[in-house]
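S.K.: See work_5.cif below, with mmCIF, C-alpha atoms.
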data_query
loop_
_atom_site.label_atom_id
_atom_site.label_comp_id
_atom_site.auth_asym_id
_atom_site.auth_seq_id
_atom_site.Cartn_x
_atom_site.Cartn_y
_atom_site.Cartn_z
CA MET A 1 -16.66 -55.71 -5.22
CA ILE A 2 -18.42 -53.51 -7.66
CA PHE A 3 -15.41 -53.19 -9.92
CA GLU A 4 -15.28 -54.96 -13.26
CA LYS A 5 -11.51 -55.14 -12.99
CA PHE A 6 -8.53 -53.13 -11.78
CA GLU A 7 -6.06 -51.03 -13.67
CA SER A 8 -2.43 -51.90 -13.24
CA PHE A 9 -0.93 -50.27 -10.17
CA VAL A 10 1.80 -48.45 -12.09
CA GLY A 11 0.41 -47.60 -15.47
CA VAL A 12 -1.08 -44.88 -17.55
CA ASN A 13 -4.68 -45.11 -18.63
CA PHE A 14 -4.90 -42.87 -21.65
CA PHE A 15 -8.53 -41.91 -20.97
CA THR A 16 -7.83 -41.07 -17.34
CA LEU A 17 -4.97 -38.92 -18.58
CA ILE A 18 -7.31 -37.04 -20.95
CA PHE A 19 -9.80 -36.79 -18.11
CA ALA A 20 -7.13 -35.31 -15.84
CA TRP A 21 -6.31 -32.72 -18.49
CA ALA A 22 -9.95 -31.80 -18.92
CA ASN A 23 -10.44 -31.45 -15.17
CA LEU A 24 -7.32 -29.36 -14.76
CA LEU A 25 -8.34 -27.12 -17.67
CA ILE A 26 -11.84 -26.65 -16.27
CA LEU A 27 -10.50 -25.99 -12.78
CA TYR A 28 -7.97 -23.51 -14.14
CA LEU A 29 -10.57 -21.58 -16.12
CA VAL A 30 -13.26 -21.63 -13.43
CA LEU A 31 -10.98 -20.85 -10.49
CA ARG A 32 -9.31 -18.08 -12.45
CA LYS A 33 -12.68 -16.57 -13.20
CA ILE A 34 -14.39 -16.92 -9.82
CA LEU A 35 -11.51 -17.13 -7.35
CA PHE A 36 -8.09 -15.85 -8.32
CA ARG A 37 -8.91 -12.83 -10.44
CA PRO A 38 -11.67 -11.38 -8.20
CA ILE A 39 -9.65 -11.89 -5.01
CA LYS A 40 -6.42 -10.59 -6.53
CA GLY A 41 -8.32 -7.66 -8.03
CA MET A 42 -9.82 -6.89 -4.65
CA ILE A 43 -6.42 -7.04 -2.95
CA ASP A 44 -4.84 -4.84 -5.60
CA SER A 45 -7.62 -2.28 -5.57
CA ARG A 46 -7.52 -2.11 -1.79
CA GLN A 47 -3.75 -1.73 -1.92
CA LYS A 48 -4.12 1.05 -4.46
CA GLU A 49 -6.76 2.75 -2.34
CA ILE A 50 -4.53 2.60 0.72
CA ASP A 51 -1.58 3.92 -1.27
CA ASP A 52 -3.71 6.76 -2.58
CA MET A 53 -4.92 7.53 0.92
CA TYR A 54 -1.40 7.63 2.28
CA GLU A 55 -0.28 9.78 -0.61
CA SER A 56 -3.09 12.28 -0.14
CA ALA A 57 -2.53 12.30 3.62
CA GLU A 58 1.13 13.01 3.01
CA LYS A 59 0.19 15.80 0.63
CA ASP A 60 -2.29 17.29 3.11
CA LYS A 61 0.30 17.09 5.84
CA SER A 62 2.91 18.92 3.84
CA ALA A 63 0.34 21.54 2.80
CA ALA A 64 -0.63 22.05 6.45
CA GLU A 65 3.03 22.30 7.36
CA ALA A 66 3.58 24.97 4.72
CA MET A 67 0.52 26.86 5.95
CA ARG A 68 1.73 26.66 9.54
CA LYS A 69 5.13 28.00 8.54
CA ASP A 70 3.46 30.79 6.62
CA TYR A 71 1.31 31.72 9.60
CA GLU A 72 4.23 31.64 11.97
CA GLU A 73 6.19 33.90 9.67
CA ARG A 74 3.28 36.24 9.38
CA LEU A 75 2.75 36.24 13.12
CA GLU A 76 6.39 37.09 13.70
CA ASN A 77 6.18 39.82 11.11
CA ALA A 78 3.04 41.16 12.74
CA ALA A 79 4.76 41.43 16.12
CA GLU A 80 7.65 43.25 14.54
CA GLU A 81 5.33 45.47 12.59
CA SER A 82 3.32 46.43 15.63
CA GLU A 83 6.50 47.24 17.51
CA GLN A 84 7.63 49.38 14.63
CA MET A 85 4.28 51.12 14.59
CA LEU A 86 4.50 51.78 18.31
CA ARG A 87 7.96 53.22 17.92
CA ASP A 88 6.82 55.44 15.06
CA ALA A 89 3.89 56.68 17.08
CA GLN A 90 6.12 57.42 20.02
CA ARG A 91 8.55 59.29 17.85
CA ARG A 92 5.77 61.30 16.26
CA ALA A 93 4.24 62.06 19.65
CA LEU A 94 7.57 63.33 20.90
CA LEU A 95 7.95 65.56 17.87
CA LYS A 96 4.45 66.86 18.31
CA GLU A 97 5.08 67.54 21.97
CA GLU A 98 8.19 69.49 21.19
CA GLU A 99 6.39 71.46 18.54
CA ILE A 100 3.53 72.23 20.86
CA LEU A 101 5.89 73.32 23.60
CA LYS A 102 7.82 75.49 21.21
CA GLU A 103 4.66 77.09 19.92
CA ALA A 104 3.44 77.68 23.44
CA ALA A 105 6.69 79.30 24.38
CA GLU A 106 6.55 81.48 21.29
CA GLN A 107 3.01 82.49 22.05
CA ALA A 108 3.89 83.29 25.62
CA ARG A 109 6.82 85.36 24.47
CA ARG A 110 4.64 87.30 22.04
CA THR A 111 1.97 87.85 24.65
CA LYS A 112 4.56 89.12 27.05
CA GLU A 113 6.01 91.44 24.44
CA ARG A 114 2.60 92.80 23.63
CA ALA A 115 1.87 93.27 27.28
CA GLU A 116 5.13 95.11 27.78
CA GLU A 117 4.40 97.35 24.82
CA GLN A 118 0.98 98.04 26.23
CA ILE A 119 2.46 98.83 29.60
CA ALA A 120 4.98 101.16 28.05
CA LEU A 121 2.31 102.89 26.04
CA GLU A 122 0.06 103.26 29.04
CA LYS A 123 2.95 104.56 31.12
CA ARG A 124 3.71 107.21 28.55
CA GLN A 125 0.09 108.16 28.38
CA ALA A 126 -0.13 108.36 32.10
CA MET A 127 3.02 110.43 32.12
CA ASN A 128 1.51 112.82 29.62
CA ASP A 129 -1.66 112.99 31.65
CA ILE A 130 0.32 113.72 34.74
CA LYS A 131 2.30 116.36 32.90
CA ASP A 132 -0.89 118.05 31.79
CA GLU A 133 -2.32 117.89 35.25
CA VAL A 134 0.87 119.09 36.81
CA SER A 135 1.06 121.97 34.37
CA ALA A 136 -2.54 122.89 35.19
CA ILE A 137 -1.76 122.67 38.89
CA ALA A 138 1.40 124.67 38.39
CA ILE A 139 -0.55 127.33 36.61
CA GLN A 140 -3.08 127.41 39.42
CA ILE A 141 -0.32 127.61 41.98
CA ALA A 142 1.45 130.25 39.98
CA GLU A 143 -1.81 132.25 39.75
CA ALA A 144 -2.23 131.93 43.38
CA VAL A 145 1.39 132.95 43.94
CA VAL A 146 1.42 135.91 41.64
CA ALA A 147 -2.18 136.69 42.42
CA ARG A 148 -2.83 137.51 39.05
CA ASP A 149 -3.97 135.92 36.00
CA VAL A 150 -1.32 134.21 34.23
CA ALA A 151 -1.89 134.05 30.62
CA ALA A 152 -1.57 130.43 29.96
CA GLU A 153 -0.67 130.98 26.41
CA GLU A 154 2.03 133.47 27.27
CA HIS A 155 3.70 131.25 29.82
CA ALA A 156 3.05 127.96 28.36
CA GLU A 157 6.55 127.72 27.16
CA LEU A 158 7.91 128.54 30.54
CA ILE A 159 5.70 126.02 32.27
CA ASP A 160 6.40 123.28 29.87
CA GLY A 161 10.05 123.83 30.38
CA PHE A 162 9.52 123.56 34.09
CA ILE A 163 7.51 120.43 33.85
CA ALA A 164 9.94 118.84 31.50
CA GLU A 165 12.62 119.64 34.03
CA MET A 166 10.52 118.20 36.78
CA GLY A 167 9.62 115.14 34.79
CA ASP A 168 13.20 114.52 33.98
CA LYS A 169 14.04 114.68 37.62
CA ASN A 170 11.17 112.30 38.36
CA ASP A 171 12.38 109.78 35.82
CA MET B 172 -4.73 -61.94 6.14
CA ASN B 173 -4.98 -60.65 2.62
CA ILE B 174 -3.53 -57.47 1.22
CA SER B 175 -4.28 -56.80 -2.39
CA ILE B 176 -2.48 -53.91 -3.99
CA ASN B 177 -4.46 -52.87 -6.99
CA GLY B 178 -4.56 -49.98 -9.34
CA PRO B 179 -7.75 -47.92 -9.45
CA GLY B 180 -10.84 -50.04 -9.96
CA VAL B 181 -12.89 -49.74 -13.11
CA TYR B 182 -16.55 -48.92 -12.49
CA PHE B 183 -17.68 -49.50 -16.04
CA THR B 184 -16.51 -49.31 -19.61
CA ILE B 185 -18.04 -47.12 -22.26
CA PRO B 186 -17.84 -49.26 -25.36
CA ILE B 187 -16.51 -46.64 -27.78
CA LEU B 188 -13.00 -45.82 -28.96
CA GLY B 189 -11.87 -49.28 -27.96
CA GLY B 190 -13.52 -49.01 -24.56
CA ILE B 191 -13.26 -45.97 -22.30
CA ARG B 192 -12.70 -47.32 -18.82
CA ILE B 193 -14.24 -45.14 -16.15
CA THR B 194 -11.99 -45.71 -13.16
CA GLN B 195 -12.15 -44.67 -9.52
CA THR B 196 -9.58 -42.01 -10.41
CA ALA B 197 -11.84 -40.48 -13.05
CA VAL B 198 -14.70 -40.25 -10.56
CA ALA B 199 -12.41 -38.80 -7.92
CA LEU B 200 -11.09 -36.24 -10.39
CA LEU B 201 -14.63 -35.13 -11.10
CA ALA B 202 -15.38 -35.01 -7.37
CA VAL B 203 -12.31 -32.85 -6.72
CA THR B 204 -13.22 -30.50 -9.54
CA LEU B 205 -16.79 -30.10 -8.35
CA LEU B 206 -15.70 -29.73 -4.73
CA LEU B 207 -13.15 -27.05 -5.57
CA ILE B 208 -15.58 -25.12 -7.76
CA LEU B 209 -18.18 -25.30 -5.00
CA LEU B 210 -15.65 -24.13 -2.39
CA ALA B 211 -14.41 -21.32 -4.62
CA PHE B 212 -17.99 -20.25 -5.19
CA LEU B 213 -18.73 -20.31 -1.46
CA VAL B 214 -15.67 -18.35 -0.37
CA THR B 215 -16.10 -15.69 -3.03
CA ARG B 216 -19.87 -15.32 -2.64
CA LYS B 217 -19.56 -11.96 -1.01
CA ILE B 218 -16.19 -10.32 -1.19
CA GLU B 219 -16.00 -6.82 0.15
CA LYS B 220 -13.47 -4.06 0.27
CA ARG B 221 -13.44 -4.41 4.03
CA PRO B 222 -12.76 -8.11 4.46
CA SER B 223 -14.01 -10.15 7.37
CA GLY B 224 -13.70 -13.72 8.54
CA LEU B 225 -13.28 -16.16 5.72
CA GLN B 226 -12.35 -13.54 3.17
CA VAL B 227 -9.24 -12.61 5.16
CA ILE B 228 -7.99 -16.19 5.02
CA VAL B 229 -8.82 -16.60 1.34
CA GLU B 230 -7.10 -13.32 0.51
CA LYS B 231 -4.07 -14.33 2.53
CA LEU B 232 -3.82 -17.63 0.65
CA VAL B 233 -4.29 -16.00 -2.74
CA SER B 234 -1.70 -13.33 -2.03
CA MET B 235 0.68 -16.02 -0.76
CA LEU B 236 0.23 -17.79 -4.10
CA TYR B 237 0.91 -14.61 -6.06
CA ASN B 238 3.94 -13.78 -3.91
CA LEU B 239 5.33 -17.26 -4.41
CA VAL B 240 4.83 -17.06 -8.18
CA GLU B 241 6.39 -13.60 -8.24
CA SER B 242 9.45 -14.62 -6.23
CA THR B 243 9.97 -17.82 -8.23
CA MET B 244 9.08 -16.75 -11.76
CA GLY B 245 9.36 -12.98 -11.67
CA LYS B 246 6.78 -10.23 -11.92
CA HIS B 247 6.43 -10.64 -15.69
CA ASN B 248 5.18 -14.21 -15.22
CA LEU B 249 2.47 -13.37 -12.73
CA HIS B 250 -0.21 -14.45 -15.22
CA PHE B 251 0.81 -18.06 -14.52
CA ALA B 252 -0.40 -17.73 -10.91
CA PRO B 253 -3.98 -18.95 -11.57
CA TYR B 254 -2.67 -22.06 -13.30
CA ILE B 255 -0.23 -22.77 -10.46
CA GLY B 256 -3.05 -22.24 -7.97
CA ALA B 257 -5.39 -24.56 -9.83
CA LEU B 258 -2.63 -27.17 -10.10
CA PHE B 259 -1.80 -26.91 -6.40
CA LEU B 260 -5.41 -27.21 -5.32
CA SER B 261 -6.00 -30.13 -7.70
CA SER B 262 -2.97 -31.91 -6.34
CA LEU B 263 -3.62 -31.20 -2.66
CA PHE B 264 -7.31 -32.04 -2.77
CA GLY B 265 -6.62 -34.94 -5.11
CA SER B 266 -4.31 -36.42 -2.47
CA LEU B 267 -6.57 -35.64 0.46
CA ILE B 268 -9.77 -36.95 -1.13
CA GLY B 269 -8.36 -40.44 -0.64
CA LEU B 270 -8.89 -39.92 3.10
CA THR B 271 -12.64 -40.10 2.56
CA LYS B 272 -12.30 -43.77 1.46
CA ILE B 273 -15.26 -43.06 -0.82
CA PHE B 274 -12.89 -41.84 -3.48
CA THR B 275 -9.30 -42.82 -4.15
CA SER B 276 -6.52 -40.29 -4.29
CA THR B 277 -6.35 -38.95 -7.82
CA THR B 278 -2.62 -38.40 -7.44
CA GLY B 279 -2.19 -42.08 -6.58
CA ASP B 280 -2.81 -42.79 -10.26
CA LEU B 281 0.14 -42.31 -12.57
CA SER B 282 -2.19 -41.22 -15.37
CA VAL B 283 -3.06 -38.04 -13.48
CA THR B 284 0.41 -37.00 -12.39
CA MET B 285 1.71 -37.85 -15.86
CA ALA B 286 -0.96 -35.64 -17.41
CA TRP B 287 0.05 -32.72 -15.20
CA ALA B 288 3.77 -33.27 -15.79
CA LEU B 289 3.18 -33.32 -19.54
CA VAL B 290 1.33 -30.00 -19.27
CA THR B 291 4.38 -28.54 -17.55
CA THR B 292 6.68 -29.89 -20.26
CA ALA B 293 4.40 -28.61 -22.98
CA MET B 294 4.39 -25.17 -21.38
CA VAL B 295 8.18 -25.18 -21.17
CA TRP B 296 8.62 -26.23 -24.80
CA TYR B 297 5.99 -23.81 -26.04
CA SER B 298 7.54 -20.93 -24.06
CA ASN B 299 11.04 -21.74 -25.28
CA ILE B 300 9.98 -21.88 -28.91
CA LYS B 301 7.90 -18.72 -28.56
CA ASN B 302 10.61 -16.74 -26.79
CA PHE B 303 13.79 -17.97 -28.44
CA GLY B 304 12.61 -19.45 -31.73
CA PHE B 305 12.45 -23.06 -32.88
CA LYS B 306 16.06 -23.16 -34.11
CA ALA B 307 17.48 -21.74 -30.91
CA TRP B 308 15.43 -24.24 -28.93
CA LEU B 309 16.85 -27.16 -30.94
CA LYS B 310 20.31 -25.66 -30.74
CA GLY B 311 19.96 -25.52 -26.96
CA PHE B 312 20.19 -29.31 -26.88
CA THR B 313 23.75 -29.24 -28.22
CA GLU B 314 24.97 -26.95 -25.47
CA PRO B 315 27.43 -26.64 -23.85
CA ILE B 316 29.06 -29.10 -26.31
CA ALA B 317 27.64 -31.26 -29.10
CA VAL B 318 28.54 -34.49 -27.29
CA MET B 319 26.00 -33.60 -24.61
CA THR B 320 23.10 -33.78 -27.07
CA PRO B 321 21.83 -37.28 -26.18
CA MET B 322 22.13 -36.49 -22.50
CA ASN B 323 20.18 -33.27 -22.92
CA ILE B 324 17.43 -35.04 -24.84
CA VAL B 325 17.19 -37.73 -22.18
CA SER B 326 17.02 -35.16 -19.40
CA GLU B 327 14.29 -33.28 -21.25
CA ILE B 328 12.25 -36.46 -21.54
CA ALA B 329 13.13 -37.55 -18.03
CA ASN B 330 11.79 -34.33 -16.53
CA PRO B 331 8.07 -35.06 -16.87
CA ILE B 332 8.62 -38.72 -16.03
CA SER B 333 10.48 -37.89 -12.82
CA MET B 334 7.92 -35.28 -11.82
CA ALA B 335 5.03 -37.68 -12.48
CA PHE B 336 6.64 -40.60 -10.69
CA ARG B 337 7.73 -38.52 -7.71
CA HIS B 338 4.22 -37.34 -7.03
CA PHE B 339 2.56 -40.64 -7.86
CA GLY B 340 5.11 -42.66 -5.92
CA ASN B 341 4.76 -40.62 -2.75
CA VAL B 342 1.00 -40.76 -2.66
CA ALA B 343 0.58 -44.32 -3.88
CA GLY B 344 3.41 -45.51 -1.67
CA GLY B 345 1.80 -43.78 1.29
CA SER B 346 -1.53 -45.42 0.67
CA VAL B 347 0.10 -48.83 0.20
CA LEU B 348 2.02 -48.38 3.42
CA MET B 349 -1.17 -47.36 5.21
CA SER B 350 -3.03 -50.49 4.04
CA VAL B 351 -0.08 -52.63 5.10
CA ILE B 352 -0.06 -50.97 8.50
CA TYR B 353 -3.81 -51.45 8.88
CA ALA B 354 -3.46 -55.11 8.03
CA ALA B 355 -0.51 -55.51 10.36
CA LEU B 356 -2.36 -53.83 13.21
CA ALA B 357 -5.38 -56.05 12.62
CA ALA B 358 -3.12 -59.09 12.75
CA LEU B 359 -1.52 -57.84 15.94
CA SER B 360 -4.94 -57.30 17.48
CA SER B 361 -6.11 -60.76 16.61
CA VAL B 362 -2.96 -62.26 18.07
CA ILE B 363 -3.32 -60.43 21.37
CA PHE B 364 -7.12 -60.25 21.78
CA GLY B 365 -8.07 -63.25 19.63
CA TRP B 366 -8.53 -65.56 22.61
CA ILE B 367 -11.48 -63.46 23.86
CA PRO B 368 -14.60 -65.26 22.70
CA GLY B 369 -17.32 -63.61 20.69
CA ILE B 370 -17.22 -60.35 18.78
CA ILE B 371 -14.85 -58.57 21.16
CA GLY B 372 -11.98 -60.75 20.02
CA GLN B 373 -12.57 -59.69 16.42
CA ILE B 374 -12.30 -55.95 17.04
CA PRO B 375 -8.91 -54.69 15.78
CA PHE B 376 -8.22 -52.43 18.75
CA PHE B 377 -4.80 -51.44 17.52
CA GLN B 378 -6.32 -49.85 14.44
CA VAL B 379 -7.61 -47.07 16.69
CA GLY B 380 -5.32 -44.09 17.00
CA ILE B 381 -2.05 -45.44 15.64
CA PRO B 382 -2.91 -45.14 11.94
CA ALA B 383 -4.18 -41.60 12.51
CA ILE B 384 -0.73 -40.42 13.54
CA LEU B 385 0.89 -42.10 10.55
CA SER B 386 -1.82 -40.79 8.30
CA ILE B 387 -0.92 -37.24 9.30
CA TYR B 388 2.47 -37.86 7.74
CA PHE B 389 1.60 -40.09 4.78
CA ASP B 390 -1.56 -38.35 3.68
CA LEU B 391 -1.68 -34.79 5.01
CA PHE B 392 1.98 -33.84 5.10
CA SER B 393 3.04 -35.84 2.08
CA GLY B 394 0.06 -34.65 0.06
CA PHE B 395 0.86 -31.05 0.90
CA VAL B 396 4.58 -31.36 0.27
CA GLN B 397 4.13 -33.19 -3.03
CA ALA B 398 1.61 -30.62 -4.26
CA PHE B 399 4.05 -27.88 -3.30
CA VAL B 400 7.03 -29.62 -4.91
CA PHE B 401 5.14 -30.30 -8.10
CA CYS B 402 4.04 -26.67 -8.36
CA LEU B 403 7.50 -25.39 -7.45
CA LEU B 404 9.13 -27.50 -10.17
CA THR B 405 6.52 -26.33 -12.67
CA MET B 406 7.21 -22.72 -11.70
CA ILE B 407 10.98 -23.15 -11.96
CA TYR B 408 10.88 -24.87 -15.36
CA VAL B 409 8.29 -22.55 -16.88
CA GLY B 410 9.90 -19.51 -15.28
CA ALA B 411 13.28 -20.41 -16.76
CA ALA B 412 11.66 -20.67 -20.19
CA ASN B 413 10.10 -17.22 -19.73
CA PRO B 414 12.91 -14.87 -18.76
CA PRO B 415 12.22 -11.17 -18.25
CA ALA B 416 11.79 -9.13 -21.42
CA GLU B 417 15.24 -7.52 -21.21
CA GLU B 418 16.95 -10.94 -21.30
CA LEU B 419 15.11 -12.07 -24.42
CA PRO B 420 16.98 -12.05 -27.72
CA VAL B 421 15.82 -9.33 -30.10
CA LYS B 422 13.54 -11.04 -32.55
CA LYS B 423 14.43 -10.80 -36.22
CA LYS B 424 10.82 -10.35 -37.24
CA LYS B 425 10.44 -7.40 -34.94
CA ALA B 426 13.71 -5.92 -36.13
CA LYS B 427 12.54 -6.21 -39.72
CA ARG B 428 9.23 -4.62 -38.87
CA LYS B 429 11.04 -1.76 -37.22
CA LYS B 430 13.19 -1.26 -40.29
CA ASN B 431 10.16 -1.17 -42.56
CA SER B 432 8.25 1.31 -40.52
#
Please render this file's structure as C-alpha cells.

M.R.:
Amino acid sequence: MIFEKFESFVGVNFFTLIFAWANLLILYLVLRKILFRPIKGMIDSRQKEIDDMYESAEKDKSAAEAMRKDYEERLENAAEESEQMLRDAQRRALLKEEEILKEAAEQARRTKERAEEQIALEKRQAMNDIKDEVSAIAIQIAEAVVARDVAAEEHAELIDGFIAEMGDKND
Amino acid sequence: MNISINGPGVYFTIPILGGIRITQTAVALLAVTLLLILLAFLVTRKIEKRPSGLQVIVEKLVSMLYNLVESTMGKHNLHFAPYIGALFLSSLFGSLIGLTKIFTSTTGDLSVTMAWALVTTAMVWYSNIKNFGFKAWLKGFTEPIAVMTPMNIVSEIANPISMAFRHFGNVAGGSVLMSVIYAALAALSSVIFGWIPGIIGQIPFFQVGIPAILSIYFDLFSGFVQAFVFCLLTMIYVGAANPPAEELPVKKKKAKRKKNS
C-alpha cells in the first residue's frame, strides 16, 4: 500500500476539516458565479420576457376588441344613417312632385283662362265685324229696296237699331 | 479472508503545523471540486435565451433548487440557494466519487460532514444574533422555562453532531457493508468453485452482478438521500433563523435612528 498510515475510522482530522471548508467555499463562490446566477438570471429574464409578451398581447387584444366594437357601432350607425337619408330623399321627392303638379295645374288653369279671354275677345270682334258687314249689307239691300240712295249717315241710327235687334235675336 | 476497515489513508504528511496529513479524503475533495467546476463550466459554456438540449436539463435542475429553497425557507431567503446547491452537489458527488475506487467518498470521512454541519450551525447562530440580537439569542435558551436551559444547550450542540454523524454514518456504513459483501461473495465463490483447478477456481463469480444491485441502494440512493437530507436540514435550521421581515422584532437601533431623523 502506498499509504503511510490510516486515519481512525470515526474521527475528525482537523486539516481535512479545514480542507473541506475551503473546498466548499470555493465551490460555493465558483458555482454561484458561473452556474447558479447565470442560469437563474436566464430563467428569470426569459420568464419576464414571456410575461411581457403575454401582457402586450393581452393589451393588443383588448385594443383590437375595442376597435372592432367601434367599427361595428359605426357600421350600424351608417346603415341607420343611410336609411334616414333615403327616407329624407323620398320625402323631399314627394314634396317636389306635389309642388310640380300644383304648379302645372296652376299654369294650365292660367293658360286656359287666357285662352278663354282670347276667345271671348275674338268672338266680340267677330261679332262687331259681322255687325258692320250686316249693316253694310242691310244698307245695300235697303238701297236696292227703296231704289234710292240711302244716306248712310241719316239712317245710321235706324240701321244700328235694327242690327242690334237682330244681333240680340241671334244671341 | 481479510477485511480491514480503515479510515482514509494518508498519502503524505507536510511537516509544518505539527504535520498536515494529506489524506485520501483531501484528494477526493479536491477532485470533486475540480470536477464540479469543470462540469459547471461545460454546461454553462453557451447558454441561450432559447434553450436546447443540455441547457434545458440544467435550467430544470437549477429552478428545482430555487423552488425548493423558496418553499422551505421563503422568498426572502432565496439568496441562500447557491450555497444549498453547492452543498448538495458537494455531498452528492462526494458520495458518488467513491464508486470510482480511485478516490474514496469524501462524505465517508467524519471530518468533512462535521465541517459542513458546523457551517450550518455557524449560519444559524450568526443569523439569530443578527436578526434578534445577542441577548435575545441567549435568552432563547431559557425558553419555554429556565429549567430547560441545559437541555436547550445540549440540543444546540447535538444538532451539528447528529447531522455530521447521520451523513457520515450512512455513507461509511454503506461502504463498509459493500466491502463485507464483496468479501463474503468472494468466500462463497471459493467455496463453490474452489475445487476447479487453475485460475478459473480463483475467479469470484458471485462478485459479478450482485454487488451492483446493492450498490444502487448503498451508494447511489443513499448518497442522494443523504445529500438531500443534509441540505433540507440546513435549509430548515437556517430558514427558521431568518424569518420574513414582518416577523422580525423592530430593532432598537433602527428605532433610535428613526427618532433622530

S.K.: From the list B:Leu210, B:Val283, B:Val400, B:Val409, which residue is nearest Thr194 (chain B) when using all atoms listed in the file?

M.R.: B:Val283

S.K.: I need the residue nearest Ser8 (chain A) from this list: B:Ser282, B:Asn341, B:Thr215, B:Ser262. Use only C-alpha atoms for the distance.

M.R.: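 Closest residue, counting only C-alpha atoms: B:Ser282.
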
S.K.: Measuring atom to atom with only C-alpha atoms, identify which of B:Ile352, B:Ile370, B:Leu419, B:Ala398 is nearest to Ala383 (chain B).

M.R.: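 Looking only at the distances to Ala383 (chain B), the closest residue turns out to be B:Ile352.
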
S.K.: So that I can check the surroundings of Lys231 (chain B), please list as a PyMOL selection string every protein, DNA and RNA residue that reaches within 10 Å of it, counting only C-alpha atoms and ignoring chain neighbours fewer than 5 positions away.

M.R.: (chain A and resi 39+43) or (chain B and resi 225-226+236-237)

S.K.: Which chain A residues have any atom within 8 Å of an atom of chain B, and for each, what is the nearest pair of atoms with distance in Å to one decimal, counting all atoms listed in the file, rows sorted by chain and number, as CSV?

M.R.:
residue,atom,partner,partner_atom,distance
A:Ile2,CA,B:Tyr182,CA,6.9
A:Phe3,CA,B:Tyr182,CA,5.1
A:Glu4,CA,B:Val181,CA,5.7
A:Lys5,CA,B:Val181,CA,5.6
A:Phe6,CA,B:Gly180,CA,4.3
A:Glu7,CA,B:Gly178,CA,4.7
A:Ser8,CA,B:Gly178,CA,4.8
A:Phe9,CA,B:Gly178,CA,3.7
A:Val10,CA,B:Leu281,CA,6.4
A:Gly11,CA,B:Leu281,CA,6.0
A:Val12,CA,B:Ser282,CA,4.4
A:Asn13,CA,B:Ser282,CA,5.7
A:Phe14,CA,B:Ser282,CA,7.0
A:Phe15,CA,B:Ile191,CA,6.4
A:Thr16,CA,B:Ala197,CA,5.9
A:Leu17,CA,B:Ser282,CA,4.8
A:Ile18,CA,B:Ala286,CA,7.4
A:Phe19,CA,B:Ala197,CA,6.6
A:Ala20,CA,B:Val283,CA,5.4
A:Trp21,CA,B:Ala286,CA,6.2
A:Asn23,CA,B:Thr204,CA,6.4
A:Leu24,CA,B:Leu258,CA,7.0
A:Ile26,CA,B:Thr204,CA,7.9
A:Leu27,CA,B:Ala257,CA,6.1
A:Tyr28,CA,B:Ala257,CA,5.1
A:Val30,CA,B:Ile208,CA,7.1
A:Leu31,CA,B:Ala257,CA,6.7
A:Arg32,CA,B:Pro253,CA,5.5
A:Ile34,CA,B:Phe212,CA,6.7
A:Leu35,CA,B:Ala211,CA,5.8
A:Phe36,CA,B:Pro253,CA,6.1
A:Arg37,CA,B:Pro253,CA,7.9
A:Ile39,CA,B:Glu230,CA,6.2
A:Lys40,CA,B:Val233,CA,6.9
A:Met42,CA,B:Lys220,CA,6.7
A:Ile43,CA,B:Glu230,CA,7.2
A:Arg46,CA,B:Lys220,CA,6.6

S.K.: Please indicate the distance in Å from CA of Leu359 (chain B) to CA of Ser346 (chain B), rounded to one decimal place.

M.R.: 19.7 Å

S.K.: Run the PyMOL selection byres ((chain B and resi 311-328) around 12) mentally over the shown coordinates, then write out the matched residues as number ranges by chain, using the chain letters and numbers from the document.

M.R.: B: 288-289, 291-293, 295-296, 299-300, 303-310, 329-335, 408, 412

S.K.: Residues near Ala138 (chain A), anyone? I mean within 12 Å using all atoms listed in the file, not counting same-chain ones fewer than 4 positions away, as a PyMOL selection string.

M.R.: chain A and resi 130-134+142-146+150+152+155-156+158-163+166

S.K.: How far is it from CA of Arg110 (chain A) to CA of Arg124 (chain A), in Å with one decimal?

M.R.: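 Atom-to-atom, CA of Arg110 (chain A) to CA of Arg124 (chain A), that is 21.0 Å.
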
S.K.: Which protein, DNA or RNA residues have an atom at most 12 Å from (16.3, -13.1, -17.6), counting only C-alpha atoms? List them as a PyMOL selection string.

M.R.: chain B and resi 244-248+302+410-420

S.K.: Do you have the CA of Asn238 (chain B)-CA of Thr405 (chain B) distance handy?

M.R.: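 Between CA of Asn238 (chain B) and CA of Thr405 (chain B) the gap is 15.5 Å.
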
S.K.: List the residues sitting within 12 Å of (-2.2, -58.2, 21.4) in the file's frame, using all atoms listed in the file, as a VMD selection string.

M.R.: chain B and resid 355 to 367 372 to 378

S.K.: Which one is closest to Ile139 (chain A): A:Glu122, A:Leu29, A:Pro38, A:Glu157? Count only C-alpha atoms.

M.R.: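 Distance minimum relative to Ile139 (chain A) lands on A:Glu157.
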
S.K.: Output as a PDB file, keeping the file's coordinate frame: region 32-38 of chain A, completed with N, CA and C atoms.

M.R.:
ATOM      1  N   ARG A  32      -9.835 -19.382 -12.053  1.00  0.00           N
ATOM      2  CA  ARG A  32      -9.310 -18.080 -12.450  1.00  0.00           C
ATOM      3  C   ARG A  32     -10.435 -17.062 -12.507  1.00  0.00           C
ATOM      4  N   LYS A  33     -11.570 -17.509 -13.026  1.00  0.00           N
ATOM      5  CA  LYS A  33     -12.680 -16.570 -13.200  1.00  0.00           C
ATOM      6  C   LYS A  33     -13.346 -16.204 -11.880  1.00  0.00           C
ATOM      7  N   ILE A  34     -13.604 -17.228 -11.024  1.00  0.00           N
ATOM      8  CA  ILE A  34     -14.390 -16.920  -9.820  1.00  0.00           C
ATOM      9  C   ILE A  34     -13.566 -16.773  -8.562  1.00  0.00           C
ATOM     10  N   LEU A  35     -12.288 -17.225  -8.599  1.00  0.00           N
ATOM     11  CA  LEU A  35     -11.510 -17.130  -7.350  1.00  0.00           C
ATOM     12  C   LEU A  35     -10.312 -16.204  -7.470  1.00  0.00           C
ATOM     13  N   PHE A  36      -9.374 -16.557  -8.350  1.00  0.00           N
ATOM     14  CA  PHE A  36      -8.090 -15.850  -8.320  1.00  0.00           C
ATOM     15  C   PHE A  36      -8.215 -14.406  -8.777  1.00  0.00           C
ATOM     16  N   ARG A  37      -8.851 -14.205  -9.923  1.00  0.00           N
ATOM     17  CA  ARG A  37      -8.910 -12.830 -10.440  1.00  0.00           C
ATOM     18  C   ARG A  37      -9.711 -11.909  -9.536  1.00  0.00           C
ATOM     19  N   PRO A  38     -10.920 -12.311  -9.080  1.00  0.00           N
ATOM     20  CA  PRO A  38     -11.670 -11.380  -8.200  1.00  0.00           C
ATOM     21  C   PRO A  38     -10.916 -11.071  -6.904  1.00  0.00           C
TER      22      PRO A  38
END
